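File shown: my_file-v1.txt (compact mmCIF, C-alpha atoms).
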```
# COMPACT_ATOMS: atom_id res chain seq x y z
CA MET E 72 28.95 10.42 -49.40
CA THR E 73 28.16 8.94 -46.02
CA ARG E 74 29.76 5.87 -44.53
CA ARG E 75 26.66 3.80 -45.26
CA SER E 76 26.81 4.74 -48.94
CA TRP E 77 30.47 3.79 -49.14
CA LEU E 78 29.70 0.38 -47.62
CA PHE E 79 26.83 -0.18 -50.04
CA TRP E 80 28.85 0.63 -53.14
CA PHE E 81 31.80 -1.40 -51.88
CA ALA E 82 29.55 -4.46 -51.38
CA ALA E 83 28.04 -4.01 -54.84
CA LEU E 84 31.50 -3.72 -56.42
CA LEU E 85 32.65 -6.81 -54.54
CA VAL E 86 29.72 -8.83 -55.87
CA VAL E 87 30.39 -7.66 -59.42
CA VAL E 88 34.08 -8.54 -59.17
CA LEU E 89 33.45 -12.01 -57.70
CA VAL E 90 30.70 -12.99 -60.16
CA GLY E 91 32.41 -11.41 -63.15
CA GLY E 92 35.74 -13.00 -62.24
CA ARG E 93 34.20 -16.46 -62.05
CA VAL E 94 32.43 -16.04 -65.39
CA LEU E 95 35.61 -14.74 -67.01
CA ALA E 96 37.65 -17.67 -65.64
CA VAL E 97 35.16 -20.27 -66.90
CA GLU E 98 34.96 -18.63 -70.33
CA THR E 99 38.75 -18.46 -70.64
CA ALA E 100 39.09 -22.14 -69.71
CA GLU E 101 36.41 -23.18 -72.20
CA ARG E 102 38.04 -21.27 -75.04
CA ALA E 103 41.47 -22.68 -74.21
CA TRP E 104 40.04 -26.21 -74.19
CA ALA E 105 38.24 -25.66 -77.53
CA ALA E 106 41.51 -24.63 -79.14
CA THR E 107 43.12 -28.00 -78.36
CA PHE E 108 41.18 -30.11 -80.89
CA PRO E 109 39.98 -29.72 -84.50
CA GLY E 110 36.49 -28.32 -84.88
CA GLY E 111 36.67 -26.27 -81.73
CA GLU E 112 35.58 -23.20 -83.68
CA VAL E 113 32.06 -24.61 -83.81
CA LEU E 114 31.97 -24.83 -80.04
CA LEU E 115 33.21 -21.25 -79.72
CA GLU E 116 30.56 -20.01 -82.14
CA ALA E 117 27.88 -21.86 -80.18
CA ARG E 118 29.06 -20.31 -76.90
CA THR E 119 29.13 -16.86 -78.49
CA LEU E 120 25.58 -17.32 -79.76
CA ALA E 121 24.48 -18.55 -76.32
CA TRP E 122 25.99 -15.47 -74.63
CA GLN E 123 24.33 -13.16 -77.12
CA MET E 124 20.92 -14.75 -76.65
CA GLN E 125 21.22 -14.80 -72.87
CA GLY E 126 22.41 -11.19 -72.81
CA PHE E 127 19.52 -10.05 -74.99
CA VAL E 128 16.94 -11.88 -72.86
CA MET E 129 18.48 -10.56 -69.65
CA LEU E 130 18.52 -7.00 -70.98
CA PHE E 131 14.90 -7.23 -72.11
CA SER E 132 13.73 -8.68 -68.80
CA ILE E 133 15.59 -5.99 -66.81
CA ILE E 134 14.07 -3.25 -68.98
CA TRP E 135 10.63 -4.82 -68.58
CA ALA E 136 10.80 -5.14 -64.79
CA THR E 137 12.54 -1.80 -64.19
CA GLY E 138 10.27 0.08 -66.58
CA ASN E 139 7.10 -1.13 -64.84
CA LEU E 140 8.50 -0.23 -61.43
CA LEU E 141 9.51 3.22 -62.66
CA VAL E 142 5.97 3.77 -63.93
CA VAL E 143 4.71 2.99 -60.42
CA TYR E 144 7.45 5.21 -58.95
CA ARG E 145 6.17 8.17 -60.96
CA SER E 146 2.81 7.98 -59.18
CA ILE E 147 4.38 8.09 -55.71
CA GLY E 148 4.27 11.56 -54.25
CA SER E 149 6.18 10.86 -51.06
CA VAL E 150 6.74 8.02 -48.63
CA GLN E 151 6.74 8.77 -44.91
CA MET E 152 8.25 6.49 -42.32
CA PRO E 153 7.67 6.76 -38.54
CA ARG E 154 10.75 7.33 -36.44
CA ARG E 155 11.26 7.58 -32.69
CA LEU E 156 13.52 10.09 -30.97
CA GLY E 157 13.47 9.25 -27.31
CA ASP E 158 9.86 9.47 -26.18
CA LEU E 159 8.78 11.30 -29.31
CA GLU E 160 7.51 9.69 -32.52
CA ILE E 161 8.00 11.76 -35.64
CA VAL E 162 7.23 11.12 -39.30
CA GLU E 163 10.13 11.49 -41.71
CA ALA E 164 9.78 11.62 -45.48
CA VAL E 165 11.94 9.22 -47.44
CA PRO E 166 14.11 11.12 -49.96
CA GLN E 167 13.22 10.67 -53.61
CA ARG E 168 16.78 9.67 -54.39
CA VAL E 169 16.50 6.70 -52.02
CA LEU E 170 13.18 5.69 -53.57
CA PHE E 171 14.63 5.89 -57.06
CA THR E 172 17.67 3.81 -56.09
CA LEU E 173 15.46 1.23 -54.41
CA THR E 174 13.20 1.07 -57.46
CA LEU E 175 16.12 0.68 -59.83
CA GLY E 176 17.77 -2.04 -57.73
CA THR E 177 14.52 -3.95 -57.34
CA GLY E 178 13.90 -3.76 -61.10
CA ILE E 179 17.36 -5.11 -61.90
CA LEU E 180 16.94 -7.95 -59.41
CA GLY E 181 13.48 -8.78 -60.77
CA GLY E 182 14.80 -8.78 -64.33
CA LEU E 183 17.57 -11.20 -63.37
CA LEU E 184 15.03 -13.50 -61.76
CA LEU E 185 12.82 -13.39 -64.85
CA SER E 186 15.76 -14.34 -67.08
CA LEU E 187 16.54 -17.52 -65.16
CA GLY E 188 16.28 -20.71 -67.21
CA THR E 189 16.95 -19.02 -70.56
CA ALA E 190 20.53 -20.18 -71.06
CA ASP E 191 19.53 -22.83 -73.62
CA TRP E 192 17.16 -20.67 -75.61
CA TRP E 193 19.70 -20.26 -78.40
CA ARG E 194 19.33 -23.93 -79.35
CA ASP E 195 15.55 -23.75 -79.65
CA ALA E 196 15.76 -20.44 -81.53
CA LEU E 197 18.38 -21.79 -83.93
CA LEU E 198 16.38 -24.96 -84.60
CA ALA E 199 13.13 -23.03 -85.06
CA GLY E 200 14.83 -20.67 -87.51
CA THR E 201 15.72 -23.55 -89.81
CA PRO E 202 13.19 -26.30 -89.05
CA PRO E 203 13.52 -29.69 -90.75
CA HIS E 204 10.94 -30.73 -93.31
CA PHE E 205 9.98 -34.40 -93.37
CA GLY E 206 7.45 -34.18 -96.17
CA ALA E 207 4.75 -35.78 -94.02
CA GLY E 208 2.41 -34.45 -91.39
CA ASP E 209 -0.52 -35.21 -89.13
CA ASP E 210 -4.01 -35.85 -90.45
CA ILE E 211 -5.75 -33.39 -88.10
CA LEU E 212 -4.01 -30.00 -88.41
CA HIS E 213 -1.94 -30.92 -91.48
CA HIS E 214 1.32 -29.59 -90.05
CA ASP E 215 4.63 -31.02 -91.14
CA TYR E 216 6.35 -33.13 -88.50
CA GLY E 217 9.19 -30.62 -88.50
CA TYR E 218 6.80 -28.04 -87.03
CA TYR E 219 6.20 -30.24 -83.98
CA VAL E 220 9.91 -30.99 -83.61
CA ALA E 221 11.38 -27.49 -83.99
CA VAL E 222 8.87 -24.63 -84.21
CA LEU E 223 6.18 -25.58 -81.69
CA PRO E 224 8.53 -26.06 -78.68
CA TRP E 225 10.08 -22.63 -79.28
CA GLN E 226 6.70 -20.93 -79.61
CA SER E 227 5.43 -22.67 -76.46
CA THR E 228 8.51 -21.53 -74.55
CA LEU E 229 8.06 -17.93 -75.64
CA GLN E 230 4.36 -18.00 -74.78
CA ALA E 231 4.97 -19.46 -71.33
CA HIS E 232 7.59 -16.83 -70.47
CA ALA E 233 5.44 -14.03 -71.90
CA THR E 234 2.59 -15.13 -69.65
CA ALA E 235 4.92 -15.33 -66.64
CA TRP E 236 6.42 -11.89 -67.30
CA THR E 237 3.08 -10.14 -67.80
CA ALA E 238 1.43 -11.91 -64.87
CA SER E 239 4.29 -11.07 -62.48
CA ALA E 240 4.36 -7.43 -63.61
CA THR E 241 0.58 -7.12 -63.20
CA LEU E 242 0.67 -8.66 -59.74
CA VAL E 243 3.57 -6.56 -58.45
CA ALA E 244 2.21 -3.32 -59.92
CA GLY E 245 -1.25 -4.02 -58.53
CA LEU E 246 0.10 -4.67 -55.04
CA LEU E 247 2.18 -1.49 -55.14
CA TYR E 248 -0.81 0.57 -56.27
CA VAL E 249 -2.86 -0.92 -53.44
CA ALA E 250 -0.09 -0.04 -50.97
CA ILE E 251 0.06 3.62 -52.03
CA GLY E 252 -3.75 3.94 -52.25
CA SER E 253 -4.07 4.33 -56.02
CA LEU E 254 -6.08 1.10 -56.27
CA ARG E 255 -8.80 0.41 -53.72
CA VAL E 256 -12.38 -0.72 -53.28
CA ALA E 257 -14.74 1.95 -51.94
CA GLN E 258 -18.48 1.46 -51.46
CA GLY E 259 -18.44 -1.78 -53.43
CA ARG E 260 -16.80 -0.16 -56.46
CA LEU E 261 -13.26 -0.40 -57.80
CA ARG E 262 -11.55 2.99 -57.50
CA THR E 263 -8.30 3.78 -59.28
CA SER E 264 -6.31 6.84 -60.18
CA ASP E 265 -5.93 7.70 -63.85
CA HIS E 266 -2.22 6.86 -63.80
CA ALA E 267 -2.71 3.48 -62.14
CA ARG E 268 -5.69 2.58 -64.34
CA ALA E 269 -3.79 3.29 -67.57
CA HIS E 270 -0.79 1.25 -66.42
CA LEU E 271 -2.82 -1.72 -65.21
CA ALA E 272 -4.98 -1.64 -68.34
CA VAL E 273 -1.93 -2.07 -70.58
CA LEU E 274 -0.58 -4.88 -68.40
CA LEU E 275 -3.92 -6.68 -68.32
CA ALA E 276 -4.24 -6.36 -72.09
CA CYS E 277 -0.77 -7.87 -72.56
CA LEU E 278 -1.65 -10.72 -70.18
CA ALA E 279 -4.91 -11.42 -72.02
CA LEU E 280 -3.09 -11.50 -75.36
CA ALA E 281 -0.49 -13.90 -73.91
CA LEU E 282 -3.30 -16.22 -72.78
CA ALA E 283 -4.96 -15.94 -76.19
CA TRP E 284 -1.64 -16.84 -77.79
CA GLY E 285 -1.47 -19.92 -75.60
CA ALA E 286 -5.01 -20.87 -76.66
CA ALA E 287 -4.02 -20.49 -80.31
CA LEU E 288 -1.10 -22.88 -79.77
CA ASP E 289 -3.11 -25.38 -77.76
CA PRO E 290 -4.50 -27.46 -80.69
CA ALA E 291 -1.00 -28.12 -82.00
CA GLU E 292 0.21 -28.90 -78.49
CA VAL E 293 -2.62 -31.40 -78.04
CA VAL E 294 -1.92 -33.10 -81.35
CA GLY E 295 1.82 -33.04 -80.66
CA GLY E 296 1.33 -34.76 -77.31
CA LEU E 297 2.58 -31.91 -75.11
CA HIS E 298 -0.48 -32.28 -72.86
CA GLY E 299 -0.27 -36.03 -72.46
CA THR E 300 -1.68 -38.91 -74.42
CA VAL E 301 -3.89 -37.84 -77.32
CA ASP E 302 -7.39 -39.30 -77.01
CA GLN E 303 -10.67 -38.66 -78.77
CA THR E 304 -11.93 -36.43 -75.93
CA ALA E 305 -9.01 -34.03 -76.34
CA LEU E 306 -9.63 -33.84 -80.08
CA ASP E 307 -13.39 -33.36 -79.74
CA VAL E 308 -13.38 -30.87 -76.84
CA ARG E 309 -10.08 -29.02 -76.56
CA LEU E 310 -9.62 -28.22 -80.23
CA PRO E 311 -12.94 -26.35 -80.63
CA GLY E 312 -12.62 -24.92 -77.11
CA ALA E 313 -9.20 -23.42 -77.86
CA ALA E 314 -10.64 -21.20 -80.58
CA PHE E 315 -13.33 -20.00 -78.18
CA VAL E 316 -10.76 -19.21 -75.45
CA ALA E 317 -8.59 -17.32 -77.95
CA ALA E 318 -11.56 -15.20 -79.05
CA VAL E 319 -12.49 -14.44 -75.43
CA GLY E 320 -8.85 -13.53 -74.72
CA VAL E 321 -8.75 -10.99 -77.54
CA ALA E 322 -12.08 -9.53 -76.40
CA THR E 323 -10.72 -9.29 -72.83
CA ALA E 324 -7.65 -7.43 -74.06
CA ILE E 325 -9.85 -4.92 -75.86
CA ALA E 326 -12.06 -4.54 -72.77
CA SER E 327 -8.98 -3.92 -70.62
CA LEU E 328 -7.81 -1.13 -72.92
CA ILE E 329 -11.28 0.40 -72.89
CA TRP E 330 -11.17 0.35 -69.07
CA GLY E 331 -7.91 2.26 -69.20
CA TRP E 332 -9.53 4.92 -71.36
CA ARG E 333 -12.98 4.98 -69.75
CA ASP E 334 -13.40 4.18 -66.06
CA ILE E 335 -15.80 1.22 -66.42
CA PRO E 336 -14.68 -1.30 -63.78
CA ASN E 337 -17.58 -3.71 -64.37
CA LEU E 338 -16.41 -4.14 -67.98
CA VAL E 339 -12.92 -5.30 -67.08
CA LEU E 340 -14.11 -7.44 -64.16
CA GLY E 341 -16.76 -9.14 -66.27
CA SER E 342 -14.43 -9.76 -69.20
CA TRP E 343 -11.74 -11.29 -67.01
CA ALA E 344 -14.30 -13.44 -65.22
CA ALA E 345 -15.50 -14.69 -68.63
CA LEU E 346 -11.92 -15.44 -69.70
CA LEU E 347 -11.15 -17.41 -66.54
CA LEU E 348 -14.41 -19.35 -66.80
CA ALA E 349 -13.74 -20.14 -70.46
CA TRP E 350 -10.19 -21.25 -69.67
CA VAL E 351 -11.19 -23.51 -66.77
CA GLY E 352 -14.26 -24.84 -68.54
CA CYS E 353 -12.65 -25.67 -71.90
CA TYR E 354 -9.42 -27.09 -70.50
CA THR E 355 -10.47 -28.73 -67.22
CA LEU E 356 -14.19 -29.14 -66.52
CA VAL E 357 -15.68 -30.07 -69.88
CA PRO E 358 -12.89 -32.54 -70.90
CA GLY E 359 -13.11 -34.16 -67.46
CA VAL E 360 -16.89 -34.54 -67.64
CA VAL E 361 -16.81 -35.88 -71.20
CA ARG E 362 -13.97 -38.26 -70.41
CA ALA E 363 -15.77 -39.53 -67.29
CA SER E 364 -19.05 -40.04 -69.16
CA ARG E 365 -17.32 -41.90 -71.97
CA SER E 366 -15.44 -44.01 -69.47
CA SER E 367 -18.67 -44.93 -67.67
CA CYS E 368 -20.33 -45.80 -70.99
CA THR E 369 -17.35 -47.92 -71.95
CA ASN E 370 -17.41 -49.70 -68.61
CA ALA E 371 -21.16 -50.30 -68.92
CA SER E 372 -20.77 -51.73 -72.41
CA ASN E 373 -17.85 -53.88 -71.28
CA SER E 374 -19.92 -55.09 -68.32
CA ALA E 375 -22.87 -55.89 -70.57
CA ALA E 376 -20.59 -57.70 -72.99
CA SER E 377 -19.05 -59.66 -70.12
CA THR E 378 -22.50 -60.56 -68.77
CA ALA E 379 -23.64 -61.69 -72.19
CA PHE E 380 -20.48 -63.75 -72.61
CA GLN E 381 -20.99 -65.40 -69.23
CA ARG E 382 -24.66 -66.08 -70.08
CA ASP E 383 -23.70 -67.66 -73.39
CA ALA E 384 -21.07 -69.74 -71.64
CA LEU E 385 -23.59 -70.93 -69.05
CA LEU E 386 -26.13 -71.74 -71.75
CA THR E 387 -23.48 -73.65 -73.68
CA GLN E 388 -22.47 -75.57 -70.58
CA GLY E 389 -26.14 -76.30 -69.75
CA SER E 390 -26.83 -77.53 -73.26
CA SER E 391 -23.76 -79.72 -73.16
CA PHE E 392 -24.78 -81.05 -69.75
CA ARG E 393 -28.28 -81.85 -70.97
CA SER E 394 -26.90 -83.62 -74.05
CA ASP E 395 -24.56 -85.70 -71.92
CA LEU E 396 -27.39 -86.52 -69.50
CA ARG E 397 -29.75 -87.51 -72.33
CA SER E 398 -27.16 -89.73 -73.96
CA SER E 399 -26.34 -91.42 -70.68
CA PHE E 400 -30.07 -91.97 -69.95
CA CYS E 401 -30.66 -93.46 -73.34
CA THR E 402 -27.69 -95.75 -72.91
CA ALA E 403 -28.91 -96.90 -69.51
CA SER E 404 -32.53 -97.54 -70.64
CA THR E 405 -31.64 -99.54 -73.77
CA PRO E 406 -31.92 -103.35 -73.04
CA PRO E 407 -28.79 -105.36 -73.65
CA ALA E 408 -28.62 -107.39 -76.82
CA ALA E 409 -29.55 -111.10 -76.46
CA SER E 410 -26.88 -113.76 -76.83
CA PRO E 411 -26.97 -116.13 -79.86
CA SER E 412 -28.06 -119.06 -77.73
CA ARG E 413 -31.00 -117.16 -76.28
CA ARG E 414 -31.97 -116.01 -79.77
CA ARG E 415 -31.98 -119.67 -81.00
CA ALA E 416 -34.07 -120.72 -78.04
```
Show me the file's structure as C-alpha cells.
Amino acid sequence: MTRRSWLFWFAALLVVVLVGGRVLAVETAERAWAATFPGGEVLLEARTLAWQMQGFVMLFSIIWATGNLLVVYRSIGSVQMPRRLGDLEIVEAVPQRVLFTLTLGTGILGGLLLSLGTADWWRDALLAGTPPHFGAGDDILHHDYGYYVAVLPWQSTLQAHATAWTASATLVAGLLYVAIGSLRVAQGRLRTSDHARAHLAVLLACLALALAWGAALDPAEVVGGLHGTVDQTALDVRLPGAAFVAAVGVATAIASLIWGWRDIPNLVLGSWAALLLAWVGCYTLVPGVVRASRSSCTNASNSAASTAFQRDALLTQGSSFRSDLRSSFCTASTPPAASPSRRRA
C-alpha cells in the first residue's frame, strides 16, 4: 500500500473511533442513569427499539444509494483524466479499483444523508402498529379518529421519504448517465443505452408509484387538516382530483416500464408531462381558481347585502324624517285654542 492509502485508511479509522466512542459513551451514561430509578427498564427498551429502527433505516438507505451507484458503475467502461508532465499533456485511465472505492464511499455517504431525521420513527411505527380506536369518525371518509392520530402520520412520513429517496436516486443516476454519455439528446430525440434505459425506467416507475401513493393519501390528509384549514373548496376539488392523480401516476409507472423494455421516448415524456400537469392542476391551479371565484362571489354578495342594508337604512331615516316634518307642520298650522272669555264673547 502506498503512503496515500495509509493516510486515507488512518483518517477513516480515526473518524470511526471518534464517532463510535462518543455514541458508546452516551449510551453507557443513559443506561447507567436508567438503572437509578424504578421503571428504567421501559426507557432501556425504548432506546433499544429506537436503535433497531434507526439501524434498519440506515442500512436500507445505504443499500439503496450504493446499489443504484453500483448499477451506474457497471456501465462505465473507463474514465480518463488529463495529466501534464512538463510540457506534455497525456491522458491517464483511472483504475477500476479507484472507481469502485469512490462509488462505494459515495453510496455510503448518500445513504447516511438519506437516513437523517429518522431517529424518532420508532414512535410513529409503534403507535401505528397499535392505533387507538375512539369509536367515532369523520362524516366524509368515515375513518375512525384513531386513524388520523396514529396511522395517517406514519403513512405520510413513509410516503414523503419514499418520494425523496426515489427522486434523489433518479436525479443522481440521470446526471451520471449524462456525464458518461449514456443519456443524451441527438437530433431532437432522447437517446439512451439499453443499460441506462432499463435502470432509469425502474427508478421512474418507483417515483411515479410514490407520487400515486401520495395522491391516494391526500383525501385523508385534507380531511385530517394536514394541508391547512379544511374548506368546501378542498373537499369539492382535491378529493376527486386525488383519485385522478393516483390513476395517472399508476399509468405513468406502467409507461415508464414499457419505455425500459421498448425504446419509445415519446411515451415516457408524454406520460410524465401528463402526471406533472395533473399534479399541478388538481392541487394548485384548480383549487386556487375555484377559491378565488367563490371569494369574489362572496364579496359581491356581501357588498350587495351591505348596499341593500344601507338603502333600507336611508329609506327608514327618510321616512322618519318625513313623519317628523309632517307632524311639526301640522302642529305649526293648527290655530291655538280660544280662551274661555273669547268663547263667551
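For the pair atom CA of Arg194 of chain E and atom CA of Tyr219 of chain E, the separation is 15.3 Å.
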Exercise for review: Find the residue from E:Leu175, E:Gly341, E:Ser227, E:Val243 that sits nearest to Gly138 of chain E; use only C-alpha atoms when measuring.
Suggested key: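 Of the candidates, the smallest distance to Gly138 of chain E is held by E:Leu175.
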Exercise for review: Mind checking which residues fall within 9 Å of Thr234 of chain E, counting only C-alpha atoms, ignoring those fewer than 2 positions away in the same chain, and posting them as a PyMOL selection string?
Suggested key: chain E and resi 229-232+236-239+277-282+285
Practice item. Rounded to one decimal place, report the atom CA of Gln258 of chain E-atom CA of Ala272 of chain E distance in Å. Key: 21.8 Å
Practice item. Could you check which of E:Leu212, E:Ala345, E:Ile329, E:Val308 is closest to Leu288 of chain E, using all atoms listed in the file? Key: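 When distances to Leu288 of chain E are compared using all atoms listed in the file, the smallest one comes from E:Leu212.
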Exercise for review: Would you list the contacts of Val220 of chain E as a PyMOL selection string, taking every protein, DNA or RNA residue within 12 Å and counting all atoms listed in the file, but skipping same-chain residues closer than 6 positions in sequence?
Suggested key: chain E and resi 195+198-199+201-205+208+214+226-227+291-292+295-297
Review point. Excluding same-chain residues fewer than 5 positions from Leu180 of chain E, what lies within 12 Å of it counting all atoms listed in the file, as a list of chain:residue names?
Key: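 In the requested form, the answer reads E:Met129, E:Leu130, E:Ser132, E:Ile133, E:Ile134, E:Trp135, E:Ala136, E:Thr137, E:Leu140, E:Leu173, E:Thr174, E:Leu175, E:Leu185, E:Ser186, E:Leu187.
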Practice item. Name all residues at most 12 Å from Leu338 of chain E (count only C-alpha atoms; drop same-chain ones fewer than 4 positions away) and give them as a ChimeraX atom specification. Key: /E:261,272,322-334,342-345
Practice item. Using all atoms listed in the file, pick whichever of E:Ala233, E:Val222, E:Ala121, E:Ala106 has the shortest atom-to-atom distance to Thr189 of chain E. Key: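 The closest residue to Thr189 of chain E is E:Ala121.
Of note, atom CA of Leu348 of chain E and atom CA of Val319 of chain E are spaced 10.1 Å apart.
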